[in-house]
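Colleague: Following this line is start_32.cif, made up of mmCIF, C-alpha atoms:
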```cif
data_entry
#
loop_
_atom_site.group_PDB
_atom_site.id
_atom_site.type_symbol
_atom_site.label_atom_id
_atom_site.label_comp_id
_atom_site.auth_asym_id
_atom_site.auth_seq_id
_atom_site.Cartn_x
_atom_site.Cartn_y
_atom_site.Cartn_z
ATOM 1 C CA MET A 104 -0.193 29.084 -8.094
ATOM 2 C CA ALA A 105 -3.130 27.040 -6.884
ATOM 3 C CA LYS A 106 -4.769 28.072 -3.618
ATOM 4 C CA GLN A 107 -4.266 26.145 -0.385
ATOM 5 C CA LYS A 108 -8.025 25.699 -0.024
ATOM 6 C CA ASP A 109 -8.076 23.828 -3.347
ATOM 7 C CA PHE A 110 -5.516 21.338 -2.037
ATOM 8 C CA ASN A 111 -7.452 21.025 1.216
ATOM 9 C CA GLU A 112 -10.617 20.235 -0.741
ATOM 10 C CA PHE A 113 -8.738 17.800 -2.967
ATOM 11 C CA LEU A 114 -7.306 15.940 0.034
ATOM 12 C CA SER A 115 -10.752 15.771 1.608
ATOM 13 C CA ASP A 116 -12.231 14.456 -1.631
ATOM 14 C CA ILE A 117 -9.750 11.590 -2.027
ATOM 15 C CA GLU A 118 -10.197 10.363 1.567
ATOM 16 C CA PRO A 119 -12.122 7.109 2.012
ATOM 17 C CA SER A 120 -15.541 7.919 3.423
ATOM 18 C CA LYS A 121 -16.338 7.307 7.090
ATOM 19 C CA THR A 122 -18.854 4.720 5.914
ATOM 20 C CA THR A 123 -16.142 2.858 4.004
ATOM 21 C CA VAL A 124 -13.727 2.910 6.939
ATOM 22 C CA SER A 125 -16.457 1.690 9.300
ATOM 23 C CA TYR A 126 -17.443 -1.084 6.896
ATOM 24 C CA ILE A 127 -13.869 -2.300 6.530
ATOM 25 C CA SER A 128 -13.477 -2.315 10.305
ATOM 26 C CA SER A 129 -16.609 -4.449 10.631
ATOM 27 C CA VAL A 130 -15.356 -6.864 7.942
ATOM 28 C CA GLN A 131 -12.123 -7.345 9.886
ATOM 29 C CA THR A 132 -14.030 -7.795 13.166
ATOM 30 C CA ASN A 133 -16.417 -10.346 11.668
ATOM 31 C CA LEU A 134 -13.538 -12.298 10.163
ATOM 32 C CA ARG A 135 -11.687 -12.352 13.483
ATOM 33 C CA ASP A 136 -14.805 -13.497 15.328
ATOM 34 C CA TYR A 137 -15.397 -16.277 12.812
ATOM 35 C CA LEU A 138 -11.835 -17.611 13.060
ATOM 36 C CA GLU A 139 -11.766 -17.271 16.861
ATOM 37 C CA THR A 140 -14.890 -19.395 17.255
ATOM 38 C CA HIS A 141 -14.385 -21.874 14.423
ATOM 39 C CA THR A 142 -14.388 -25.436 15.764
ATOM 40 C CA LYS A 143 -10.937 -26.196 14.410
ATOM 41 C CA TYR A 144 -9.313 -22.847 13.652
ATOM 42 C CA LYS A 145 -9.855 -21.361 17.110
ATOM 43 C CA ASP A 146 -6.918 -23.475 18.319
ATOM 44 C CA ILE A 147 -4.703 -22.044 15.576
ATOM 45 C CA HIS A 148 -5.814 -18.396 15.477
ATOM 46 C CA VAL A 149 -3.826 -15.914 17.582
ATOM 47 C CA ALA A 150 -4.875 -12.495 16.278
ATOM 48 C CA THR A 151 -6.337 -10.733 13.268
ATOM 49 C CA PHE A 152 -5.417 -7.152 12.353
ATOM 50 C CA LEU A 153 -5.630 -4.681 9.503
ATOM 51 C CA SER A 154 -2.469 -4.074 7.526
ATOM 52 C CA GLY A 155 -1.531 -1.995 4.497
ATOM 53 C CA SER A 156 -2.815 1.463 3.668
ATOM 54 C CA TYR A 157 -5.961 1.346 5.799
ATOM 55 C CA ALA A 158 -3.925 0.506 8.881
ATOM 56 C CA LYS A 159 -1.394 3.230 8.040
ATOM 57 C CA HIS A 160 -4.113 5.768 7.175
ATOM 58 C CA THR A 161 -2.625 6.316 3.733
ATOM 59 C CA SER A 162 -5.511 4.859 1.720
ATOM 60 C CA ILE A 163 -7.430 6.759 -0.949
ATOM 61 C CA ARG A 164 -10.942 6.274 -2.203
ATOM 62 C CA PRO A 165 -11.457 4.649 -5.594
ATOM 63 C CA VAL A 166 -12.429 6.855 -8.499
ATOM 64 C CA LEU A 167 -15.816 6.249 -10.068
ATOM 65 C CA TYR A 168 -15.981 2.853 -11.838
ATOM 66 C CA ASP A 169 -12.437 2.093 -10.673
ATOM 67 C CA GLY A 170 -13.270 -1.261 -9.149
ATOM 68 C CA LYS A 171 -12.938 -2.344 -5.556
ATOM 69 C CA ARG A 172 -10.899 -1.077 -2.619
ATOM 70 C CA ASP A 173 -7.914 -3.230 -1.651
ATOM 71 C CA VAL A 174 -7.880 -4.253 2.009
ATOM 72 C CA ASP A 175 -5.166 -6.322 3.705
ATOM 73 C CA ILE A 176 -6.000 -8.396 6.781
ATOM 74 C CA VAL A 177 -3.288 -10.389 8.565
ATOM 75 C CA VAL A 178 -4.097 -13.577 10.480
ATOM 76 C CA GLU A 179 -1.435 -14.553 12.997
ATOM 77 C CA THR A 180 -1.397 -18.327 13.582
ATOM 78 C CA LYS A 181 0.242 -20.623 16.121
ATOM 79 C CA TYR A 182 2.205 -22.484 13.475
ATOM 80 C CA SER A 183 5.982 -22.329 13.487
ATOM 81 C CA SER A 184 7.790 -23.897 10.534
ATOM 82 C CA ASP A 185 4.977 -25.931 8.964
ATOM 83 C CA ASP A 186 4.574 -26.270 5.200
ATOM 84 C CA SER A 187 3.423 -22.816 4.087
ATOM 85 C CA ARG A 188 1.275 -24.363 1.355
ATOM 86 C CA GLU A 189 -0.687 -26.287 3.947
ATOM 87 C CA VAL A 190 -1.121 -23.217 6.171
ATOM 88 C CA LEU A 191 -2.595 -21.232 3.274
ATOM 89 C CA SER A 192 -4.714 -24.141 2.072
ATOM 90 C CA GLU A 193 -6.153 -24.702 5.543
ATOM 91 C CA LEU A 194 -7.213 -21.064 5.916
ATOM 92 C CA PHE A 195 -8.725 -21.217 2.429
ATOM 93 C CA ASP A 196 -10.797 -24.294 3.328
ATOM 94 C CA VAL A 197 -11.953 -22.824 6.646
ATOM 95 C CA LEU A 198 -13.086 -19.591 5.004
ATOM 96 C CA ARG A 199 -15.015 -21.359 2.270
ATOM 97 C CA GLU A 200 -17.105 -23.149 4.895
ATOM 98 C CA LYS A 201 -18.913 -19.881 5.620
ATOM 99 C CA ASN A 202 -21.365 -18.579 3.022
ATOM 100 C CA THR A 203 -19.972 -15.055 3.337
ATOM 101 C CA TYR A 204 -16.544 -16.280 2.208
ATOM 102 C CA ALA A 205 -17.672 -19.086 -0.117
ATOM 103 C CA GLU A 206 -16.130 -17.427 -3.189
ATOM 104 C CA ALA A 207 -12.675 -17.224 -1.609
ATOM 105 C CA ARG A 208 -9.668 -17.717 -3.929
ATOM 106 C CA LEU A 209 -6.315 -19.222 -3.052
ATOM 107 C CA GLN A 210 -3.559 -16.782 -4.091
ATOM 108 C CA SER A 211 0.230 -16.793 -3.949
ATOM 109 C CA HIS A 212 0.566 -15.459 -0.408
ATOM 110 C CA SER A 213 -3.017 -14.931 0.696
ATOM 111 C CA VAL A 214 -6.654 -15.877 0.353
ATOM 112 C CA GLY A 215 -8.628 -13.379 -1.719
ATOM 113 C CA ILE A 216 -12.255 -12.517 -1.097
ATOM 114 C CA GLU A 217 -14.501 -10.073 -2.935
ATOM 115 C CA MET A 218 -17.183 -8.435 -0.843
ATOM 116 C CA SER A 219 -19.403 -5.421 -1.340
ATOM 117 C CA GLY A 220 -17.089 -2.773 -2.728
ATOM 118 C CA ILE A 221 -13.853 -4.274 -1.405
ATOM 119 C CA GLU A 222 -11.221 -6.805 -2.416
ATOM 120 C CA ILE A 223 -9.728 -8.439 0.671
ATOM 121 C CA ASP A 224 -6.375 -10.174 0.880
ATOM 122 C CA ILE A 225 -6.294 -12.369 3.986
ATOM 123 C CA VAL A 226 -2.697 -13.226 4.815
ATOM 124 C CA PRO A 227 -1.851 -16.019 7.290
ATOM 125 C CA VAL A 228 1.484 -15.478 9.026
ATOM 126 C CA ILE A 229 3.616 -17.202 11.642
ATOM 127 C CA ARG A 230 5.530 -15.475 14.411
ATOM 128 C CA ASP A 231 9.288 -15.161 14.116
ATOM 129 C CA ASP A 232 10.235 -14.650 17.763
ATOM 130 C CA SER A 233 13.942 -14.268 17.036
ATOM 131 C CA GLU A 234 13.195 -11.227 14.879
ATOM 132 C CA GLU A 235 10.039 -10.091 16.699
ATOM 133 C CA LYS A 236 8.416 -10.011 13.279
ATOM 134 C CA TYR A 237 6.297 -12.368 11.138
ATOM 135 C CA CYS A 238 6.813 -14.707 8.206
ATOM 136 C CA ILE A 239 4.531 -14.893 5.185
ATOM 137 C CA GLY A 240 4.142 -18.148 3.262
ATOM 138 C CA SER A 241 3.603 -19.221 -0.329
ATOM 139 C CA SER A 242 0.911 -21.454 -1.825
ATOM 140 C CA GLU A 243 3.298 -22.451 -4.620
ATOM 141 C CA GLU A 244 6.325 -23.641 -2.673
ATOM 142 C CA ASP A 245 7.246 -24.420 0.913
ATOM 143 C CA LEU A 246 8.998 -21.247 1.989
ATOM 144 C CA TRP A 247 8.535 -18.456 4.484
ATOM 145 C CA LYS A 248 9.600 -14.844 3.930
ATOM 146 C CA LEU A 249 10.151 -12.323 6.701
ATOM 147 C CA THR A 250 7.559 -9.526 6.831
ATOM 148 C CA ASP A 251 6.762 -6.776 9.314
ATOM 149 C CA PRO A 252 3.325 -5.205 8.778
ATOM 150 C CA LYS A 253 3.182 -3.766 12.298
ATOM 151 C CA GLY A 254 6.670 -2.354 11.891
ATOM 152 C CA HIS A 255 5.579 -0.603 8.689
ATOM 153 C CA ILE A 256 2.617 0.938 10.509
ATOM 154 C CA SER A 257 4.867 2.257 13.296
ATOM 155 C CA TRP A 258 7.448 3.526 10.794
ATOM 156 C CA SER A 259 4.812 5.388 8.780
ATOM 157 C CA SER A 260 3.430 7.068 11.905
ATOM 158 C CA ALA A 261 6.932 8.078 13.033
ATOM 159 C CA ILE A 262 7.782 9.610 9.628
ATOM 160 C CA ASN A 263 4.514 11.532 9.694
ATOM 161 C CA ALA A 264 5.143 12.817 13.222
ATOM 162 C CA ASP A 265 8.697 13.850 12.355
ATOM 163 C CA ASN A 266 7.406 15.862 9.397
ATOM 164 C CA ASN A 267 4.680 17.933 11.050
ATOM 165 C CA GLY A 268 1.941 15.565 9.906
ATOM 166 C CA ARG A 269 2.719 16.348 6.260
ATOM 167 C CA TYR A 270 3.908 12.900 5.149
ATOM 168 C CA LYS A 271 0.639 10.962 5.002
ATOM 169 C CA PRO A 272 -1.308 13.637 3.073
ATOM 170 C CA LEU A 273 1.583 13.763 0.601
ATOM 171 C CA VAL A 274 1.480 9.966 0.201
ATOM 172 C CA LYS A 275 -2.240 10.142 -0.569
ATOM 173 C CA MET A 276 -1.730 12.789 -3.259
ATOM 174 C CA ILE A 277 1.059 10.844 -4.950
ATOM 175 C CA LYS A 278 -0.981 7.633 -4.727
ATOM 176 C CA TRP A 279 -3.784 9.478 -6.477
ATOM 177 C CA TRP A 280 -1.309 10.720 -9.109
ATOM 178 C CA ARG A 281 -0.121 7.126 -9.558
ATOM 179 C CA ARG A 282 -3.642 5.842 -10.075
ATOM 180 C CA THR A 283 -4.387 8.624 -12.566
ATOM 181 C CA HIS A 284 -1.316 8.042 -14.726
ATOM 182 C CA CYS A 285 -0.181 4.418 -14.394
ATOM 183 C CA PRO A 286 -0.928 2.791 -17.781
ATOM 184 C CA ASP A 287 -2.644 -0.579 -18.011
ATOM 185 C CA GLY A 288 -0.040 -3.321 -18.037
ATOM 186 C CA THR A 289 2.541 -1.136 -16.261
ATOM 187 C CA LYS A 290 3.456 -1.483 -12.602
ATOM 188 C CA PHE A 291 4.358 1.828 -10.987
ATOM 189 C CA PRO A 292 5.667 1.422 -7.403
ATOM 190 C CA LYS A 293 2.821 1.156 -4.928
ATOM 191 C CA GLY A 294 2.139 0.392 -1.272
ATOM 192 C CA ILE A 295 5.103 0.386 1.075
ATOM 193 C CA THR A 296 7.521 0.681 -1.881
ATOM 194 C CA LEU A 297 6.016 3.980 -3.026
ATOM 195 C CA GLU A 298 5.723 5.189 0.565
ATOM 196 C CA LYS A 299 9.418 4.515 1.198
ATOM 197 C CA ILE A 300 10.459 6.273 -2.036
ATOM 198 C CA ILE A 301 8.477 9.313 -0.893
ATOM 199 C CA ALA A 302 9.932 9.171 2.629
ATOM 200 C CA ASP A 303 13.479 8.962 1.250
ATOM 201 C CA ASN A 304 12.919 12.120 -0.790
ATOM 202 C CA LEU A 305 10.699 14.281 1.397
ATOM 203 C CA ALA A 306 10.914 18.019 0.966
ATOM 204 C CA ASP A 307 10.985 20.533 3.809
ATOM 205 C CA GLY A 308 7.889 20.000 5.956
ATOM 206 C CA ASP A 309 7.529 23.748 6.510
ATOM 207 C CA LEU A 310 6.513 24.314 2.877
ATOM 208 C CA ASN A 311 2.859 24.752 1.978
ATOM 209 C CA THR A 312 1.048 21.786 0.430
ATOM 210 C CA GLU A 313 1.673 22.766 -3.188
ATOM 211 C CA ASN A 314 5.374 23.502 -2.777
ATOM 212 C CA HIS A 315 5.836 20.410 -0.596
ATOM 213 C CA LEU A 316 4.332 18.212 -3.305
ATOM 214 C CA VAL A 317 6.324 19.831 -6.138
ATOM 215 C CA ALA A 318 9.608 19.721 -4.230
ATOM 216 C CA THR A 319 9.149 16.062 -3.306
ATOM 217 C CA MET A 320 8.313 15.123 -6.901
ATOM 218 C CA ARG A 321 11.432 16.999 -8.011
ATOM 219 C CA ASN A 322 13.545 15.256 -5.352
ATOM 220 C CA ILE A 323 12.409 11.827 -6.570
ATOM 221 C CA VAL A 324 13.240 12.660 -10.180
ATOM 222 C CA THR A 325 16.634 14.090 -9.198
ATOM 223 C CA ALA A 326 17.474 11.050 -7.076
ATOM 224 C CA TYR A 327 16.654 8.365 -9.631
ATOM 225 C CA LYS A 328 16.377 9.590 -13.232
ATOM 226 C CA GLU A 329 19.914 10.294 -14.471
ATOM 227 C CA THR A 330 21.695 7.994 -12.020
ATOM 228 C CA TYR A 331 19.427 4.972 -12.442
ATOM 229 C CA SER A 332 16.431 4.852 -14.792
ATOM 230 C CA ASP A 333 18.125 6.620 -17.739
ATOM 231 C CA LYS A 334 20.898 4.011 -17.495
ATOM 232 C CA GLY A 335 18.477 1.088 -17.347
ATOM 233 C CA GLN A 336 19.133 0.467 -13.658
ATOM 234 C CA LYS A 337 17.076 0.402 -10.467
ATOM 235 C CA PRO A 338 18.096 1.804 -7.099
ATOM 236 C CA VAL A 339 17.828 -0.276 -3.936
ATOM 237 C CA ILE A 340 14.872 0.868 -1.849
ATOM 238 C CA GLU A 341 15.570 -0.385 1.649
ATOM 239 C CA ASP A 342 12.705 -1.862 3.653
ATOM 240 C CA PRO A 343 12.315 0.368 6.733
ATOM 241 C CA SER A 344 11.743 -2.661 8.979
ATOM 242 C CA ILE A 345 13.671 -5.587 7.472
ATOM 243 C CA GLU A 346 17.384 -5.112 6.927
ATOM 244 C CA GLY A 347 18.613 -6.146 3.483
ATOM 245 C CA ASN A 348 15.148 -6.361 1.918
ATOM 246 C CA ASP A 349 14.976 -4.388 -1.346
ATOM 247 C CA LEU A 350 11.367 -3.245 -1.808
ATOM 248 C CA LEU A 351 11.971 -2.551 -5.499
ATOM 249 C CA ALA A 352 13.379 -6.010 -6.265
ATOM 250 C CA SER A 353 10.144 -7.393 -7.726
ATOM 251 C CA TYR A 354 9.655 -4.444 -10.102
ATOM 252 C CA GLU A 355 10.852 -4.487 -13.715
ATOM 253 C CA ILE A 356 13.265 -1.768 -14.788
ATOM 254 C CA GLY A 357 10.898 -0.736 -17.591
ATOM 255 C CA ASP A 358 8.100 -0.127 -15.114
ATOM 256 C CA PHE A 359 10.342 1.874 -12.799
ATOM 257 C CA LYS A 360 11.628 3.945 -15.729
ATOM 258 C CA ALA A 361 8.059 4.677 -16.857
ATOM 259 C CA PHE A 362 7.241 5.838 -13.318
ATOM 260 C CA ILE A 363 10.225 8.189 -13.130
ATOM 261 C CA ASP A 364 9.710 9.474 -16.684
ATOM 262 C CA LYS A 365 6.079 10.358 -15.967
ATOM 263 C CA LEU A 366 7.071 12.212 -12.794
ATOM 264 C CA ALA A 367 9.797 14.030 -14.734
ATOM 265 C CA GLU A 368 7.269 14.974 -17.426
ATOM 266 C CA HIS A 369 5.028 16.575 -14.816
ATOM 267 C CA VAL A 370 7.875 18.368 -13.072
ATOM 268 C CA GLN A 371 8.822 19.814 -16.474
ATOM 269 C CA LEU A 372 5.183 20.798 -17.061
ATOM 270 C CA ILE A 373 5.246 22.766 -13.808
ATOM 271 C CA ASP A 374 8.546 24.393 -14.766
ATOM 272 C CA ASP A 375 7.152 25.399 -18.169
ATOM 273 C CA CYS A 376 3.584 26.386 -17.260
ATOM 274 C CA GLY A 377 3.581 27.109 -13.546
ATOM 275 C CA THR A 378 1.219 25.700 -10.931
ATOM 276 C CA THR A 379 -2.159 26.897 -12.101
ATOM 277 C CA ASN A 380 -5.316 24.936 -11.429
ATOM 278 C CA GLU A 381 -5.324 23.826 -15.068
ATOM 279 C CA VAL A 382 -1.831 22.382 -14.695
ATOM 280 C CA TRP A 383 -2.853 20.545 -11.530
ATOM 281 C CA LYS A 384 -5.877 19.119 -13.355
ATOM 282 C CA ARG A 385 -3.482 17.629 -15.899
ATOM 283 C CA ILE A 386 -1.339 16.183 -13.093
ATOM 284 C CA LEU A 387 -3.947 15.142 -10.509
ATOM 285 C CA GLY A 388 -7.082 14.784 -12.639
ATOM 286 C CA ASP A 389 -10.431 16.569 -12.602
#
```
Rewrite the coordinates I just gave you, this time as structure tokens.
Modeller:
Amino acid sequence: MAKQKDFNEFLSDIEPSKTTVSYISSVQTNLRDYLETHTKYKDIHVATFLSGSYAKHTSIRPVLYDGKRDVDIVVETKYSSDDSREVLSELFDVLREKNTYAEARLQSHSVGIEMSGIEIDIVPVIRDDSEEKYCIGSSEEDLWKLTDPKGHISWSSAINADNNGRYKPLVKMIKWWRRTHCPDGTKFPKGITLEKIIADNLADGDLNTENHLVATMRNIVTAYKETYSDKGQKPVIEDPSIEGNDLLASYEIGDFKAFIDKLAEHVQLIDDCGTTNEVWKRILGD
């Protein structure tokens, strides 16, 4: 059995540095200030806020030479049901006016910008007052899809609080496992999809870190391997904020099966060899 202090050190090591967190906060602040004071966009801009793993405090640092950190920034606009292609295109044009954002790229649902050490997805949204949520557009066709980034942040915090603060550290460890073992060209569940899979299969929060991690991995394998992935099927992973939205819908069955099979392989490794530090190095990396 590995020692608790080793897991504590591991969790500390995979945290984004304070410098990184501060830098990302300043990037978001500078972007908001630019849009708020832009001659044209100031009349459209409502608010700018961090979304995704940095907002939920479930982000992990990149490994050496592993590229840039992914950061999601949401821009709430005053639009209602305008052409989503035009809303995205307008934000793209406004950003490219500033030298800092001159290399911006128009993407399917966002504007992408590479900055020092980070890859930013800037997502314009419109308010859906009937749902008290937001809608995200598409640069390829005129459609809006319901989204709830603030709801996901609140949900994540509630799950963590209900589980003695054990949920978010567990998410970080499994995200690190995912990064270590997801093959190129394969799409293991990530982001809110992975977080919801973990939440749906959480082990007893009174367990120590090692046993909590092992039991949750085992729960995921038990829930999905024989019933779904071995039969070439996917389960429905319900969005915690948007009723009827299947978070796993955009994933291929082959990718989901590869994810479950790799987890099952590592659960079997633990069953066969125990939970020594050498076993954890094979599972979580050096």
Colleague: Quote the spacing between CA of Tyr237 in chain A and CA of Leu191 in chain A in Å to one decimal place.
Modeller: 14.8 Å
Colleague: Interatomic distance between CA of Glu244 in chain A and CA of Thr140 in chain A?
Modeller: 29.4 Å
Colleague: List, as JSON, numbers by chain, every residue that the PyMOL selection byres ((chain A and resi 313) around 12) selects in the file provided.
Modeller: {"A": [104, 105, 106, 107, 108, 109, 110, 111, 113, 114, 269, 272, 273, 276, 306, 307, 308, 309, 310, 311, 312, 314, 315, 316, 317, 318, 319, 320, 373, 377, 378, 379, 380, 383, 387]}
Colleague: I'd like to see the residues matched by the PyMOL selection byres ((chain A and resi 335-348) around 8) on this file, and ideally I'd get them as a PyMOL selection string.
Modeller: chain A and resi 249-251+254-255+258+296+299-300+327+331-334+349-352+356-357+359-360
Colleague: For each of A:Val370, A:Ile127, A:Leu134, A:Leu153, take the minimum atom-to-atom distance to Ile221 in chain A, counting only C-alpha atoms, then give the residue where this is smallest.
Modeller: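 Counting only C-alpha atoms, the residue closest to Ile221 in chain A is A:Ile127.
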Colleague: One number please: CA of Lys365 in chain A to CA of Asp287 in chain A, in Å, one decimal.
Modeller: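 Calculated distance between CA of Lys365 in chain A and CA of Asp287 in chain A is 14.1 Å.
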Colleague: Would you pick out the contacts of range 208-214 of chain A at 7 Å or less, using only C-alpha atoms, so that residues sharing its chain but fewer than 2 positions from it are not included, and give the list as a ChimeraX atom specification?
Modeller: /A:191,195,206,216,224-227,239-243
Colleague: Please tell me which residues are no farther than 12 Å from (-17.6, -15.9, 12.6) in the file, counting all atoms listed in the file, and write them as a ChimeraX atom specification.
Modeller: /A:129-142,144-145,197-204
Colleague: With all atoms listed in the file as the atoms that count, which of A:Glu235, A:Asp245, A:Glu222, A:Asp358 lies nearest to Gly288 in chain A?
Modeller: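 For Gly288 in chain A, the nearest of the candidates is A:Asp358.
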Colleague: Can you put N, CA, C and O atoms back into range 231-248 of chain A and show it as an mmCIF file, keeping the file's coordinate frame?
Modeller:
```cif
data_model
loop_
_atom_site.group_PDB
_atom_site.id
_atom_site.type_symbol
_atom_site.label_atom_id
_atom_site.label_comp_id
_atom_site.auth_asym_id
_atom_site.auth_seq_id
_atom_site.Cartn_x
_atom_site.Cartn_y
_atom_site.Cartn_z
ATOM 1 N N ASP A 231 7.856 -14.917 14.086
ATOM 2 C CA ASP A 231 9.288 -15.161 14.116
ATOM 3 C C ASP A 231 9.821 -14.485 15.373
ATOM 4 O O ASP A 231 10.142 -13.297 15.379
ATOM 5 N N ASP A 232 9.886 -15.238 16.472
ATOM 6 C CA ASP A 232 10.235 -14.650 17.763
ATOM 7 C C ASP A 232 11.653 -14.107 17.786
ATOM 8 O O ASP A 232 11.948 -13.133 18.484
ATOM 9 N N SER A 233 12.557 -14.736 17.024
ATOM 10 C CA SER A 233 13.942 -14.268 17.036
ATOM 11 C C SER A 233 14.063 -12.868 16.459
ATOM 12 O O SER A 233 14.927 -12.083 16.839
ATOM 13 N N GLU A 234 13.163 -12.531 15.530
ATOM 14 C CA GLU A 234 13.195 -11.227 14.879
ATOM 15 C C GLU A 234 12.109 -10.290 15.412
ATOM 16 O O GLU A 234 12.067 -9.115 15.064
ATOM 17 N N GLU A 235 11.213 -10.833 16.235
ATOM 18 C CA GLU A 235 10.039 -10.091 16.699
ATOM 19 C C GLU A 235 9.245 -9.548 15.512
ATOM 20 O O GLU A 235 8.753 -8.424 15.528
ATOM 21 N N LYS A 236 9.164 -10.366 14.474
ATOM 22 C CA LYS A 236 8.416 -10.011 13.279
ATOM 23 C C LYS A 236 7.556 -11.219 12.886
ATOM 24 O O LYS A 236 7.311 -12.093 13.699
ATOM 25 N N TYR A 237 7.115 -11.264 11.632
ATOM 26 C CA TYR A 237 6.297 -12.368 11.138
ATOM 27 C C TYR A 237 6.929 -12.947 9.878
ATOM 28 O O TYR A 237 7.831 -12.352 9.280
ATOM 29 N N CYS A 238 6.425 -14.109 9.475
ATOM 30 C CA CYS A 238 6.813 -14.707 8.206
ATOM 31 C C CYS A 238 5.559 -14.981 7.401
ATOM 32 O O CYS A 238 4.547 -15.452 7.928
ATOM 33 N N ILE A 239 5.635 -14.682 6.102
ATOM 34 C CA ILE A 239 4.531 -14.893 5.185
ATOM 35 C C ILE A 239 4.877 -16.074 4.286
ATOM 36 O O ILE A 239 6.023 -16.226 3.863
ATOM 37 N N GLY A 240 3.893 -16.926 4.018
ATOM 38 C CA GLY A 240 4.142 -18.148 3.262
ATOM 39 C C GLY A 240 3.803 -18.032 1.790
ATOM 40 O O GLY A 240 3.473 -16.957 1.274
ATOM 41 N N SER A 241 3.895 -19.148 1.097
ATOM 42 C CA SER A 241 3.603 -19.221 -0.329
ATOM 43 C C SER A 241 2.757 -20.452 -0.598
ATOM 44 O O SER A 241 3.017 -21.527 -0.054
ATOM 45 N N SER A 242 1.746 -20.316 -1.461
ATOM 46 C CA SER A 242 0.911 -21.454 -1.825
ATOM 47 C C SER A 242 1.552 -22.282 -2.930
ATOM 48 O O SER A 242 1.066 -23.365 -3.264
ATOM 49 N N GLU A 243 2.663 -21.789 -3.490
ATOM 50 C CA GLU A 243 3.298 -22.451 -4.620
ATOM 51 C C GLU A 243 4.516 -23.272 -4.225
ATOM 52 O O GLU A 243 4.875 -24.227 -4.900
ATOM 53 N N GLU A 244 5.168 -22.890 -3.142
ATOM 54 C CA GLU A 244 6.325 -23.641 -2.673
ATOM 55 C C GLU A 244 6.458 -23.470 -1.165
ATOM 56 O O GLU A 244 5.962 -22.510 -0.590
ATOM 57 N N ASP A 245 7.123 -24.426 -0.544
ATOM 58 C CA ASP A 245 7.246 -24.420 0.913
ATOM 59 C C ASP A 245 8.368 -23.479 1.341
ATOM 60 O O ASP A 245 9.518 -23.887 1.496
ATOM 61 N N LEU A 246 8.016 -22.217 1.504
ATOM 62 C CA LEU A 246 8.998 -21.247 1.989
ATOM 63 C C LEU A 246 8.280 -20.168 2.787
ATOM 64 O O LEU A 246 7.088 -19.920 2.624
ATOM 65 N N TRP A 247 9.040 -19.551 3.670
ATOM 66 C CA TRP A 247 8.535 -18.456 4.484
ATOM 67 C C TRP A 247 9.436 -17.249 4.293
ATOM 68 O O TRP A 247 10.653 -17.371 4.285
ATOM 69 N N LYS A 248 8.838 -16.071 4.136
ATOM 70 C CA LYS A 248 9.600 -14.844 3.930
ATOM 71 C C LYS A 248 9.267 -13.869 5.053
ATOM 72 O O LYS A 248 8.105 -13.656 5.390
#
```
